[in-house]
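To be precise, the following lines are entry13.txt, and they hold compact mmCIF, C-alpha atoms (C1' of nucleotides).
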```
# COMPACT_ATOMS: atom_id res chain seq x y z
CA MET A 22 0.00 0.00 0.00
CA LYS A 23 1.20 3.45 -0.71
CA GLY A 24 0.34 5.32 2.49
CA THR A 25 -3.18 6.47 1.74
CA ASN A 26 -4.81 3.16 0.96
CA LEU A 27 -6.91 1.30 3.50
CA GLY A 28 -5.74 -2.12 4.58
CA GLU A 29 -8.26 -4.85 5.21
CA LEU A 30 -8.20 -4.48 8.99
CA GLU A 31 -7.90 -0.73 8.85
CA GLU A 32 -11.16 -0.58 6.93
CA ILE A 33 -12.93 -2.79 9.45
CA VAL A 34 -11.70 -0.70 12.37
CA LEU A 35 -12.82 2.48 10.64
CA LEU A 36 -16.28 1.04 10.06
CA VAL A 37 -16.54 -0.15 13.65
CA VAL A 38 -15.52 3.23 15.01
CA ALA A 39 -18.28 4.77 12.88
CA ASN A 40 -20.71 2.22 14.28
CA LEU A 41 -19.78 3.03 17.86
CA PHE A 42 -20.12 6.72 17.09
CA ASP A 43 -19.77 8.50 20.40
CA ASN A 44 -18.22 5.75 22.43
CA ALA A 45 -15.50 4.23 20.25
CA TYR A 46 -12.49 3.21 22.32
CA GLY A 47 -10.09 0.26 22.49
CA ILE A 48 -11.82 -2.56 24.31
CA LEU A 49 -15.26 -1.78 22.94
CA ILE A 50 -13.88 -1.72 19.41
CA LYS A 51 -12.20 -5.05 20.06
CA HIS A 52 -15.46 -6.61 21.27
CA GLU A 53 -17.42 -5.15 18.39
CA ILE A 54 -14.96 -6.56 15.84
CA GLU A 55 -15.02 -9.99 17.43
CA GLU A 56 -18.79 -10.05 17.49
CA LYS A 57 -19.63 -8.53 14.11
CA CYS A 58 -16.75 -9.99 12.14
CA ASN A 59 -16.62 -13.36 13.81
CA ARG A 60 -12.91 -13.32 14.47
CA THR A 61 -10.65 -12.87 17.46
CA ILE A 62 -8.31 -9.96 17.78
CA THR A 63 -6.12 -8.72 20.63
CA ILE A 64 -6.41 -5.32 22.17
CA SER A 65 -2.84 -4.49 21.14
CA THR A 66 -3.70 -5.10 17.52
CA VAL A 67 -6.69 -2.81 17.79
CA HIS A 68 -4.66 -0.03 19.37
CA ASN A 69 -1.92 -0.40 16.82
CA VAL A 70 -4.36 0.05 13.95
CA LEU A 71 -6.09 2.91 15.75
CA GLN A 72 -2.79 4.71 16.00
CA ARG A 73 -1.86 4.18 12.36
CA LEU A 74 -5.28 5.37 11.22
CA SER A 75 -4.79 8.49 13.31
CA GLU A 76 -1.43 9.12 11.64
CA LYS A 77 -3.17 8.85 8.28
CA ASP A 78 -5.71 11.40 9.52
CA TYR A 79 -8.58 8.99 9.06
CA LEU A 80 -9.31 9.11 12.80
CA GLU A 81 -9.20 11.82 15.44
CA SER A 82 -9.23 11.23 19.18
CA ARG A 83 -9.82 12.85 22.54
CA TYR A 84 -9.71 11.69 26.14
CA SER A 85 -12.93 11.10 28.05
CA ASP A 86 -13.33 11.88 31.70
CA PRO A 87 -12.58 8.94 33.97
CA SER A 88 -15.68 6.88 34.68
CA PRO A 89 -16.67 6.41 38.34
CA GLU A 90 -16.10 2.66 38.60
CA ARG A 91 -13.29 0.57 39.93
CA GLY A 92 -10.47 0.90 37.43
CA GLY A 93 -12.42 3.42 35.43
CA LYS A 94 -9.43 5.02 33.78
CA ARG A 95 -10.10 7.69 31.20
CA LYS A 96 -10.66 6.34 27.69
CA LEU A 97 -9.20 7.50 24.41
CA LEU A 98 -12.26 8.09 22.23
CA PHE A 99 -12.02 7.95 18.45
CA ARG A 100 -14.03 9.44 15.66
CA VAL A 101 -13.81 9.04 11.89
CA THR A 102 -12.64 12.20 10.15
CA LYS A 103 -14.03 13.54 6.89
CA ALA A 104 -10.99 12.10 5.16
CA GLY A 105 -11.73 8.75 6.79
CA GLN A 106 -15.32 8.86 5.64
CA ALA A 107 -14.19 9.66 2.11
CA ALA A 108 -11.72 6.78 2.11
CA LEU A 109 -14.44 4.40 3.26
CA LYS A 110 -16.84 5.55 0.59
CA THR A 111 -14.25 5.29 -2.16
CA SER A 112 -13.30 1.82 -1.11
CA ARG A 113 -16.88 0.67 -0.96
CA SER A 114 -17.99 2.08 -4.28
CA MET A 115 -14.93 0.76 -6.04
CA ARG A 116 -15.67 -2.74 -4.86
CA GLU A 117 -19.36 -2.47 -5.65
CA ASP A 118 -18.46 -1.48 -9.20
CA LEU A 119 -16.33 -4.58 -9.48
CA TRP A 120 -19.16 -6.74 -8.15
CA SER A 121 -21.57 -5.32 -10.69
CA GLY A 122 -19.22 -6.25 -13.50
CA ILE A 123 -19.04 -9.94 -12.70
CA PRO A 124 -20.78 -12.02 -15.40
CA LYS A 125 -23.37 -14.40 -14.02
CA VAL A 126 -21.63 -17.42 -15.51
CA ALA A 127 -18.62 -16.67 -13.36
CA PHE A 128 -20.48 -17.10 -10.10
CA GLU A 129 -22.52 -20.01 -8.92
CA MET B 25 -4.09 -11.80 8.51
CA LYS B 26 -4.25 -15.34 9.69
CA GLY B 27 -4.12 -17.33 6.46
CA THR B 28 -7.75 -17.47 5.46
CA ASN B 29 -8.60 -13.79 5.54
CA LEU B 30 -8.59 -11.76 2.37
CA GLY B 31 -6.14 -8.90 2.20
CA GLU B 32 -7.25 -5.65 0.63
CA LEU B 33 -5.43 -6.30 -2.62
CA GLU B 34 -6.23 -9.99 -2.60
CA GLU B 35 -9.90 -9.15 -2.60
CA ILE B 36 -9.53 -6.75 -5.51
CA VAL B 37 -7.59 -9.28 -7.54
CA LEU B 38 -10.20 -11.92 -6.83
CA LEU B 39 -12.98 -9.60 -7.98
CA VAL B 40 -11.09 -8.66 -11.12
CA VAL B 41 -10.45 -12.29 -11.99
CA ALA B 42 -14.18 -12.90 -11.66
CA ASN B 43 -14.83 -9.92 -13.93
CA LEU B 44 -12.45 -11.23 -16.58
CA PHE B 45 -14.10 -14.64 -16.33
CA ASP B 46 -12.57 -16.73 -19.11
CA ASN B 47 -9.57 -14.59 -19.88
CA ALA B 48 -8.04 -13.66 -16.56
CA TYR B 49 -4.25 -13.60 -16.75
CA GLY B 50 -1.43 -11.43 -15.40
CA ILE B 51 -1.16 -8.45 -17.69
CA LEU B 52 -4.88 -8.15 -18.33
CA ILE B 53 -5.59 -8.27 -14.61
CA LYS B 54 -3.00 -5.56 -14.09
CA HIS B 55 -4.65 -3.32 -16.70
CA GLU B 56 -8.10 -3.98 -15.30
CA ILE B 57 -7.01 -3.05 -11.79
CA GLU B 58 -5.34 0.14 -12.97
CA GLU B 59 -8.41 1.16 -14.94
CA LYS B 60 -11.20 0.18 -12.56
CA CYS B 61 -9.44 1.02 -9.31
CA ASN B 62 -7.61 4.08 -10.47
CA ARG B 63 -4.24 3.03 -9.15
CA THR B 64 -1.00 1.77 -10.59
CA ILE B 65 0.33 -1.67 -9.86
CA THR B 66 3.22 -3.64 -11.25
CA ILE B 67 2.93 -7.00 -12.94
CA SER B 68 5.12 -8.58 -10.28
CA THR B 69 2.75 -7.51 -7.57
CA VAL B 70 -0.16 -8.97 -9.48
CA HIS B 71 1.57 -12.30 -9.99
CA ASN B 72 2.62 -12.42 -6.38
CA VAL B 73 -0.96 -12.03 -5.21
CA LEU B 74 -2.20 -14.47 -7.83
CA GLN B 75 0.16 -17.09 -6.49
CA ARG B 76 -0.78 -16.50 -2.87
CA LEU B 77 -4.47 -16.71 -3.70
CA SER B 78 -3.81 -20.00 -5.46
CA GLU B 79 -2.06 -21.34 -2.38
CA LYS B 80 -5.09 -20.36 -0.35
CA ASP B 81 -7.24 -22.27 -2.86
CA TYR B 82 -9.19 -19.18 -3.75
CA LEU B 83 -7.95 -19.38 -7.35
CA GLU B 84 -7.22 -22.20 -9.75
CA SER B 85 -5.16 -21.89 -12.91
CA ARG B 86 -4.33 -23.54 -16.20
CA TYR B 87 -2.09 -22.68 -19.14
CA SER B 88 -3.66 -21.46 -22.35
CA ASP B 89 -2.37 -22.43 -25.76
CA PRO B 90 0.14 -19.93 -27.10
CA SER B 91 -1.60 -17.22 -29.11
CA PRO B 92 -0.47 -16.79 -32.73
CA GLU B 93 1.06 -13.34 -32.37
CA ARG B 94 4.59 -12.08 -32.06
CA GLY B 95 5.70 -12.89 -28.53
CA GLY B 96 2.48 -14.72 -27.89
CA LYS B 97 3.72 -16.75 -24.99
CA ARG B 98 1.16 -19.02 -23.40
CA LYS B 99 -0.79 -17.39 -20.61
CA LEU B 100 -1.52 -18.65 -17.14
CA LEU B 101 -5.31 -18.33 -16.86
CA PHE B 102 -7.00 -17.97 -13.50
CA ARG B 103 -10.46 -18.71 -12.23
CA VAL B 104 -12.10 -18.08 -8.86
CA THR B 105 -12.83 -21.31 -6.99
CA LYS B 106 -15.97 -22.00 -4.97
CA ALA B 107 -13.96 -21.27 -1.86
CA GLY B 108 -12.87 -17.99 -3.40
CA GLN B 109 -16.44 -17.07 -4.20
CA ALA B 110 -17.45 -17.87 -0.66
CA ALA B 111 -14.66 -15.74 0.77
CA LEU B 112 -15.71 -12.82 -1.41
CA LYS B 113 -19.32 -13.12 -0.37
CA THR B 114 -18.46 -13.35 3.31
CA SER B 115 -16.23 -10.33 3.11
CA ARG B 116 -18.82 -8.30 1.29
CA SER B 117 -21.74 -9.12 3.53
CA MET B 118 -19.69 -8.55 6.66
CA ARG B 119 -18.81 -5.07 5.52
CA GLU B 120 -22.33 -4.28 4.35
CA ASP B 121 -23.59 -5.22 7.80
CA LEU B 122 -21.14 -2.78 9.31
CA TRP B 123 -22.23 -0.07 6.91
CA SER B 124 -25.87 -0.62 7.79
CA GLY B 125 -25.09 -0.17 11.46
CA ILE B 126 -23.58 3.28 11.12
CA PRO B 127 -25.83 5.91 12.73
CA LYS B 128 -26.67 8.77 10.39
CA VAL B 129 -25.22 11.33 12.78
CA ALA B 130 -21.84 9.72 12.40
CA PHE B 131 -21.61 10.40 8.68
CA GLU B 132 -21.96 13.67 6.88
C1' DA C 1 -4.44 9.50 55.34
C1' DA C 2 -1.26 6.41 53.22
C1' DC C 3 -0.26 2.00 51.24
C1' DT C 4 -1.31 -1.94 48.48
C1' DA C 5 -4.10 -4.73 45.52
C1' DT C 6 -7.29 -4.85 41.78
C1' DT C 7 -9.46 -3.36 37.68
C1' DT C 8 -9.74 -0.91 33.31
C1' DA C 9 -6.97 1.01 29.69
C1' DT C 10 -3.23 2.30 26.66
C1' DT C 11 1.72 2.07 25.01
C1' DC C 12 5.90 -0.43 23.65
C1' DG C 13 8.79 -3.68 21.24
C1' DA C 14 9.17 -7.50 18.30
C1' DC C 15 7.86 -10.52 14.51
C1' DA C 16 4.74 -12.39 10.60
C1' DT C 17 2.19 -11.60 6.53
C1' DT C 18 0.89 -8.83 2.74
C1' DT C 19 1.91 -5.41 -0.57
C1' DA C 20 5.17 -3.53 -3.85
C1' DC C 21 8.85 -3.13 -7.23
C1' DG C 22 13.03 -3.80 -10.27
C1' DA C 23 15.52 -7.15 -12.51
C1' DT C 24 15.68 -11.65 -14.61
C1' DA C 25 14.11 -15.62 -17.09
C1' DA C 26 11.05 -18.21 -20.45
C1' DA C 27 8.44 -18.89 -24.61
C1' DT C 28 7.15 -17.71 -29.21
C1' DA C 29 6.62 -15.27 -33.75
C1' DT C 30 9.24 -12.75 -37.08
C1' DA D 10 18.98 -14.28 -33.82
C1' DT D 11 16.04 -10.93 -32.00
C1' DA D 12 12.13 -8.45 -30.57
C1' DT D 13 7.97 -9.12 -27.96
C1' DT D 14 4.81 -10.91 -24.63
C1' DT D 15 4.56 -13.03 -20.41
C1' DA D 16 5.89 -15.11 -15.85
C1' DT D 17 9.28 -15.68 -11.89
C1' DC D 18 12.77 -14.21 -8.35
C1' DG D 19 14.76 -11.55 -4.70
C1' DT D 20 14.25 -7.83 -1.73
C1' DA D 21 12.15 -3.68 0.59
C1' DA D 22 8.21 -1.38 2.74
C1' DA D 23 3.59 -1.33 4.77
C1' DT D 24 0.19 -3.68 7.31
C1' DG D 25 -1.32 -7.11 10.65
C1' DT D 26 -0.35 -9.60 15.00
C1' DC D 27 0.77 -10.50 19.66
C1' DG D 28 2.81 -10.51 24.61
C1' DA D 29 4.53 -7.78 28.03
C1' DA D 30 5.06 -3.32 30.22
C1' DT D 31 3.03 0.82 31.81
C1' DA D 32 -0.61 4.11 33.51
C1' DA D 33 -4.64 5.70 35.98
C1' DA D 34 -8.37 5.09 38.74
C1' DT D 35 -10.99 2.73 42.79
C1' DA D 36 -11.46 -0.37 46.92
C1' DG D 37 -9.79 -2.23 50.83
C1' DT D 38 -6.52 -2.22 54.94
C1' DT D 39 -3.89 -0.53 58.36
```
Let's see the structure in the file written out as structure tokens.
Amino acid sequence: MKGTNLGELEEIVLLVVANLFDNAYGILIKHEIEEKCNRTITISTVHNVLQRLSEKDYLESRYSDPSPERGGKRKLLFRVTKAGQAALKTSRSMREDLWSGIPKVAFE
Amino acid sequence: MKGTNLGELEEIVLLVVANLFDNAYGILIKHEIEEKCNRTITISTVHNVLQRLSEKDYLESRYSDPSPERGGKRKLLFRVTKAGQAALKTSRSMREDLWSGIPKVAFE
DNA sequence: AACTATTTATTCGACATTTACGATAAATAT
DNA sequence: ATATTTATCGTAAATGTCGAATAAATAGTT
């Protein structure tokens, strides 16, 4: 990939952050991926991708206030940027175009 | 990726092979990707992915007869296997589910 | 109040797999 | 032979993956 492209996992994480809207942070993102994508993933992997997506300016983040529960450390909350939204849309429409060009004979 | 997952480029190549149906081989796949996906890619990259997808049993291949033109070396023709089709479908529906779960407020 | 243990979270460091390219090799028609 | 079309090889960079270390907050104990 040449820096701007979305990797397979990067795209999933971006979509999940959009799903979680106002409450997208590490562990929740991990759980959401495992549930919706039917795969396991470690929290370190999630954070790694989160960070790289931020460097690409596809995500922005801010700290929440600590939550009043045992161990309720402040969370790093993420949100998809305009650039991130655009990347998602491009990726999706490109693939849909490819799908629409597949001759019926080629697929069962 | 853990062996069975489709990488971002792997998925594109798979879709393009399906598009090209009966005439999917290296150079043509390269051209098709560059045209439909608006990106450049070298022939070596294409062949590399083609080979990996074959190892994953998402593609099968056979040699064509040489074509009667100057330099008409025989081509290695690819076709998406049932497993490949299944992987494409899974990937697509998983992402569509994620898209459908995005609250309107989250996207412009 | 201060200390320690426990819980929730993120960061760091290392390695594996995928993506990417330039150079090289193989086959065929002229 | 040689030019042309195509595929393969070797290596570098980006992405994906994990385990262990670190940080911040609360609950319990003295």
- Note on the structure: Taken to one decimal, the atom CA of Phe99 of chain A-atom CA of Leu71 of chain A distance is 8.2 Å
- Task: Would you kindly identify which residues have an atom no farther than 12 Å from (-5.9, 1.4, 58.6), using all atoms listed in the file and the file's own coordinates, and write them out as number ranges by chain?
- Result: C: 1-4; D: 37-39
Between chain A and chain C, at 6 Å or less, what are the per-residue closest atom pairs and their distances in Å? Count all atoms listed in the file, order by chain and rising residue number, and return it as JSON lines.
```
{"residue": "A:Met22", "atom": "CA", "partner": "C:DT19", "partner_atom": "C1'", "distance": 5.8}
{"residue": "A:Arg91", "atom": "CA", "partner": "C:DT7", "partner_atom": "C1'", "distance": 5.9}
{"residue": "A:Gly92", "atom": "CA", "partner": "C:DT7", "partner_atom": "C1'", "distance": 4.4}
{"residue": "A:Gly93", "atom": "CA", "partner": "C:DT8", "partner_atom": "C1'", "distance": 5.5}
{"residue": "A:Lys94", "atom": "CA", "partner": "C:DT8", "partner_atom": "C1'", "distance": 6.0}
```
- Query: Counting all atoms listed in the file, which residues from chain A have an atom at most 8 Å from any atom of chain B, and could you show them as a VMD selection string?
  - Reply: chain A and resid 27 to 29 33 36 to 37 39 to 42 57 to 58 103 106 115 to 116 119 to 120 122 to 124 127 to 129
Hey, can I get the axis-aligned box for segment 59-71 of chain A? All listed atoms, 5 Å padding on each side, centre and edge lengths in Å to one decimal, as JSON.
```
{"center_x": -9.3, "center_y": -5.2, "center_z": 18.0, "size_x": 24.7, "size_y": 26.3, "size_z": 18.4}
```
Per residue of chain D within 8 Å of chain A, record the nearest atom pair and its distance in Å to one decimal, counting all atoms listed in the file, with rows in chain order and ascending residue number, as JSON lines.
```
{"residue": "D:DA23", "atom": "C1'", "partner": "A:Met22", "partner_atom": "CA", "distance": 6.1}
{"residue": "D:DT24", "atom": "C1'", "partner": "A:Gly28", "partner_atom": "CA", "distance": 6.7}
{"residue": "D:DG25", "atom": "C1'", "partner": "A:Thr66", "partner_atom": "CA", "distance": 7.5}
{"residue": "D:DT26", "atom": "C1'", "partner": "A:Thr66", "partner_atom": "CA", "distance": 6.2}
{"residue": "D:DC27", "atom": "C1'", "partner": "A:Ser65", "partner_atom": "CA", "distance": 7.2}
{"residue": "D:DA33", "atom": "C1'", "partner": "A:Lys94", "partner_atom": "CA", "distance": 5.3}
{"residue": "D:DA34", "atom": "C1'", "partner": "A:Gly92", "partner_atom": "CA", "distance": 4.9}
{"residue": "D:DT35", "atom": "C1'", "partner": "A:Arg91", "partner_atom": "CA", "distance": 4.3}
{"residue": "D:DA36", "atom": "C1'", "partner": "A:Arg91", "partner_atom": "CA", "distance": 7.3}
```
- Item | Distance of atom CA of His68 of chain A from atom CA of Ala45 of chain A, expressed in Å to one decimal place |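 We find that atom CA of Ala45 of chain A and atom CA of His68 of chain A lie 11.7 Å from each other.
Picture a line from atom CA of Leu77 of chain B to atom CA of Thr28 of chain B; it runs 9.8 Å.
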